[in-house]
Amino acid sequence: MNDGRDFRGRARSGGRVDRHRFPPENAALPFSERTAMQRVFSGIQPTGIPTLGNYLGAVRNWVKLQEDHDCIYCVVDLHAITMTHDPKTLAQATREMAAALIAAGIDPTRSTLFHQSAVSAHLRLAWIFECVVRLGWLNRMTQFKDKAGKDRENFSAGLYTYPALMAADILAYHATRVPVGDDQRQHLELANDIAQKFNFDFCAGETFFPLIEPLILGPAARVMSLRDGTKKMSKSDPSDQSRINLTDDADTIALKIRRAKTDPEPLPSDTAGLEGRPEARNLIGIYAALTDTDHASVLREHGGRGFGDYKKILADLLVAKLEPIAEEMRRLLGDAATIDAILRDGAGRAEAIAEPIVREAEKRVGFLRV
Ligand code: TYM
């Protein structure tokens, strides 16, 4: 790779190596600026209404990254079928997730927003990665163990190889920064192992697939269940009381926060006092994320308050932040054709970036080209 050309044989500008330069030909925006930026990729499964955990742990950071990154955001419907799903509702759930992302601040003219099954490059690269990843590596994935539990023989092979598809999602774009909640950390470490093994096996050690930097940001990288401070808040938890959905109305939010599990002590005035109090830590972390501060400054402001008092303040803040999102989401869903057009356009842009990268990966693996 030192002949002044990139791996597709295109001349490199000024002889400078820039692996992130894949101008999306048909993009709507000032992509001339964008190509110099680091590329971000992240995804969310359309397996339910997004929760406060998805919002604070991931989506809110996605919105901020749009300022100075080339962002690609994907509704991962291929991942959504790794668990039993209802084929009658998947398409609408995908559309609803796209609407939620736009309502939360993803700007489809700045970022590429699309759904995974529309870009086949993901699947082609995922297959290659399934042949690169070692069974031993997959066996270590805690999320598979958590989901499948003792009944692993009855879960799909797709759930088992899920992290290979996730690595393909990211690396098909040569993305280098991946904003996620804390629960995805292990999958991103595996993606880096896959990238390195591919580079070693098929590229003579050259960095064809770049290393990924996980962006696990802010005081709410792991929002916990409102019913159990040791369990992650999840869209698929059977108890609706365990989570705040982005579509919950003001009364529902207030009620869920009022009923949230807490302990009898008032709030401590410093972070050391959160030790062994997971529910208190969770409610403080949520407030900190919503106000762009940290646990310590929330405790400086509210330390000494009882939970009754604090929960009212927190519920008001949540309503103020989430209601406009829910309202915008409802408005967007009134015009499904526009959402579909946004996703179609996004898929075209995504494909233009992924296709040459995945073709090159296929060439490196040695597939016949006729
Ligand atoms: P998913 O759909 O479970 O969640 C989407 C994002 O929300 C984050 N998240 C949370 N953050 C904080 N607290 C919580 N309680 C919480 N619950 C969820 C997740 O960490 C995630 O960032 N495997 C991914 C989707 C995916 C992906 C990718 C992500 C597929 N391909 C490539 C990044 C890059 C998932 O199941 O997300």
# chains A, B, ... in the order shown; residues from 1 in each chain; ligands from 1
>>> residues_around(residues="Lys311 of chain A", least_positions_apart="5", cutoff="9 Å", atoms="only C-alpha atoms", output="PyMOL selection string")
chain A and resi 254+257-258+260+283+306+316
>>> residues_near_ligand(ligand="ligand 1", cutoff="9 Å", atoms="only C-alpha atoms and all ligand atoms", output="number ranges by chain")
A: 41-48, 50-59, 73-80, 116, 162-163, 165-171, 178-185, 187-188, 214, 216, 220-225, 231-235, 243
>>> select_by_dssp(residues="segment 191-275 of chain A", states="strand (DSSP E or B)", output="list in words")
Glu213, Pro214, Leu215, Met224, Lys232 and Asn245 of chain A
>>> write_last_selection(atoms="N, CA, C and O atoms", output="short mmCIF file (atom, residue, chain, number, x, y, z; two decimals), in the first residue's frame")
data_model
loop_
_atom_site.label_atom_id
_atom_site.label_comp_id
_atom_site.auth_asym_id
_atom_site.auth_seq_id
_atom_site.Cartn_x
_atom_site.Cartn_y
_atom_site.Cartn_z
N GLU A 213 -12.54 2.00 18.43
CA GLU A 213 -12.50 2.57 19.78
C GLU A 213 -13.93 2.61 20.33
O GLU A 213 -14.78 3.33 19.79
N PRO A 214 -14.23 1.83 21.37
CA PRO A 214 -15.57 1.92 21.95
C PRO A 214 -15.74 3.27 22.63
O PRO A 214 -14.85 3.71 23.35
N LEU A 215 -16.85 3.94 22.39
CA LEU A 215 -17.14 5.19 23.10
C LEU A 215 -18.25 4.89 24.10
O LEU A 215 -19.42 4.80 23.73
N MET A 224 -29.91 1.16 35.04
CA MET A 224 -30.40 -0.08 35.64
C MET A 224 -31.92 -0.10 35.71
O MET A 224 -32.59 0.95 35.62
N LYS A 232 -29.81 -4.67 34.31
CA LYS A 232 -29.85 -3.62 33.29
C LYS A 232 -31.29 -3.27 32.89
O LYS A 232 -32.12 -4.17 32.78
N ASN A 245 -40.08 3.99 28.94
CA ASN A 245 -40.07 3.95 27.47
C ASN A 245 -40.08 5.38 26.95
O ASN A 245 -40.70 6.25 27.57
#
>>> residues_around(residues="Pro108 of chain A", least_positions_apart="6", cutoff="9 Å", atoms="only C-alpha atoms", output="VMD selection string")
chain A and resid 102 342 to 343 346
>>> closest_residue(among="A:Thr161, A:Gln66, A:Gln196, A:Ser239", to="Arg110 of chain A", atoms="only C-alpha atoms")
A:Gln66
>>> atom_distance(atom1="atom CA of Leu125 of chain A", atom2="atom CA of Phe155 of chain A")
22.8 Å
>>> atom_distance(atom1="atom CA of His302 of chain A", atom2="atom CA of Asp270 of chain A")
10.0 Å
>>> atom_distance(atom1="atom CA of Pro278 of chain A", atom2="atom CA of Pro264 of chain A")
12.9 Å
>>> closest_residue(among="A:Asp193, A:Asp146, A:Glu327, A:Asp309", to="Ile212 of chain A", atoms="only C-alpha atoms")
A:Asp193
>>> select_by_dssp(residues="segment 102-222 of chain A", states="alpha helix (DSSP H)", output="count of residues only")
60
>>> residues_around(residues="segment 129-132 of chain A", least_positions_apart="2", cutoff="6 Å", atoms="only C-alpha atoms", output="number ranges by chain")
A: 126-127, 164
>>> write_last_selection(atoms="all heavy atoms", output="short mmCIF file (atom, residue, chain, number, x, y, z; two decimals), in the first residue's frame")
data_model
loop_
_atom_site.label_atom_id
_atom_site.label_comp_id
_atom_site.auth_asym_id
_atom_site.auth_seq_id
_atom_site.Cartn_x
_atom_site.Cartn_y
_atom_site.Cartn_z
N ALA A 126 -20.34 -10.58 7.32
CA ALA A 126 -20.61 -11.37 8.53
C ALA A 126 -20.23 -12.83 8.29
O ALA A 126 -19.66 -13.48 9.17
CB ALA A 126 -22.08 -11.26 8.92
N TRP A 127 -20.52 -13.35 7.09
CA TRP A 127 -20.16 -14.74 6.83
C TRP A 127 -18.65 -14.94 6.90
O TRP A 127 -18.15 -15.89 7.50
CB TRP A 127 -20.72 -15.22 5.47
CG TRP A 127 -20.29 -16.63 5.23
CD1 TRP A 127 -19.39 -17.07 4.31
CD2 TRP A 127 -20.70 -17.78 5.98
NE1 TRP A 127 -19.19 -18.42 4.45
CE2 TRP A 127 -19.99 -18.89 5.46
CE3 TRP A 127 -21.57 -17.98 7.06
CZ2 TRP A 127 -20.14 -20.17 5.96
CZ3 TRP A 127 -21.72 -19.27 7.55
CH2 TRP A 127 -21.02 -20.34 7.00
N ALA A 164 -20.37 -11.65 15.41
CA ALA A 164 -19.66 -11.58 14.12
C ALA A 164 -20.40 -10.63 13.17
O ALA A 164 -19.78 -9.85 12.43
CB ALA A 164 -19.55 -12.98 13.50
#
>>> residues_around(residues="Arg344 of chain A", least_positions_apart="2", cutoff="12 Å", atoms="only C-alpha atoms", output="JSON, numbers by chain")
{"A": [95, 98, 108, 112, 113, 114, 115, 116, 117, 118, 119, 337, 338, 339, 340, 341, 342, 346, 347, 348, 349, 350, 351]}
>>> write_last_selection(atoms="C-alpha atoms", output="PDB file, in the first residue's frame")
ATOM      1  CA  ARG A  95     -39.959   2.118  11.100  1.00  0.00           C
ATOM      2  CA  ALA A  98     -36.150   5.019  12.902  1.00  0.00           C
ATOM      3  CA  PRO A 108     -30.842  12.104   8.471  1.00  0.00           C
ATOM      4  CA  THR A 112     -26.611   8.106   7.381  1.00  0.00           C
ATOM      5  CA  LEU A 113     -29.676   6.393   8.871  1.00  0.00           C
ATOM      6  CA  PHE A 114     -30.812   3.062   7.438  1.00  0.00           C
ATOM      7  CA  HIS A 115     -31.915  -0.445   8.326  1.00  0.00           C
ATOM      8  CA  GLN A 116     -29.481  -3.314   8.244  1.00  0.00           C
ATOM      9  CA  SER A 117     -31.372  -5.805   6.035  1.00  0.00           C
ATOM     10  CA  ALA A 118     -31.362  -3.233   3.202  1.00  0.00           C
ATOM     11  CA  VAL A 119     -27.578  -3.459   2.751  1.00  0.00           C
ATOM     12  CA  ALA A 337     -43.820   7.225   3.581  1.00  0.00           C
ATOM     13  CA  THR A 338     -41.357   9.918   4.649  1.00  0.00           C
ATOM     14  CA  ILE A 339     -39.635   7.605   7.130  1.00  0.00           C
ATOM     15  CA  ASP A 340     -39.392   4.904   4.479  1.00  0.00           C
ATOM     16  CA  ALA A 341     -37.902   7.422   2.023  1.00  0.00           C
ATOM     17  CA  ILE A 342     -35.310   8.476   4.628  1.00  0.00           C
ATOM     18  CA  GLY A 346     -29.764   6.111   3.918  1.00  0.00           C
ATOM     19  CA  ALA A 347     -29.423   2.551   2.624  1.00  0.00           C
ATOM     20  CA  GLY A 348     -28.191   3.876  -0.729  1.00  0.00           C
ATOM     21  CA  ARG A 349     -25.562   5.992   0.976  1.00  0.00           C
ATOM     22  CA  ALA A 350     -24.542   3.169   3.303  1.00  0.00           C
ATOM     23  CA  GLU A 351     -24.211   0.744   0.413  1.00  0.00           C
TER      24      GLU A 351
END
>>> closest_residue(among="A:Ile81, A:Ala191, A:Thr207, A:Leu217", to="Gly158 of chain A", atoms="only C-alpha atoms")
A:Ile81
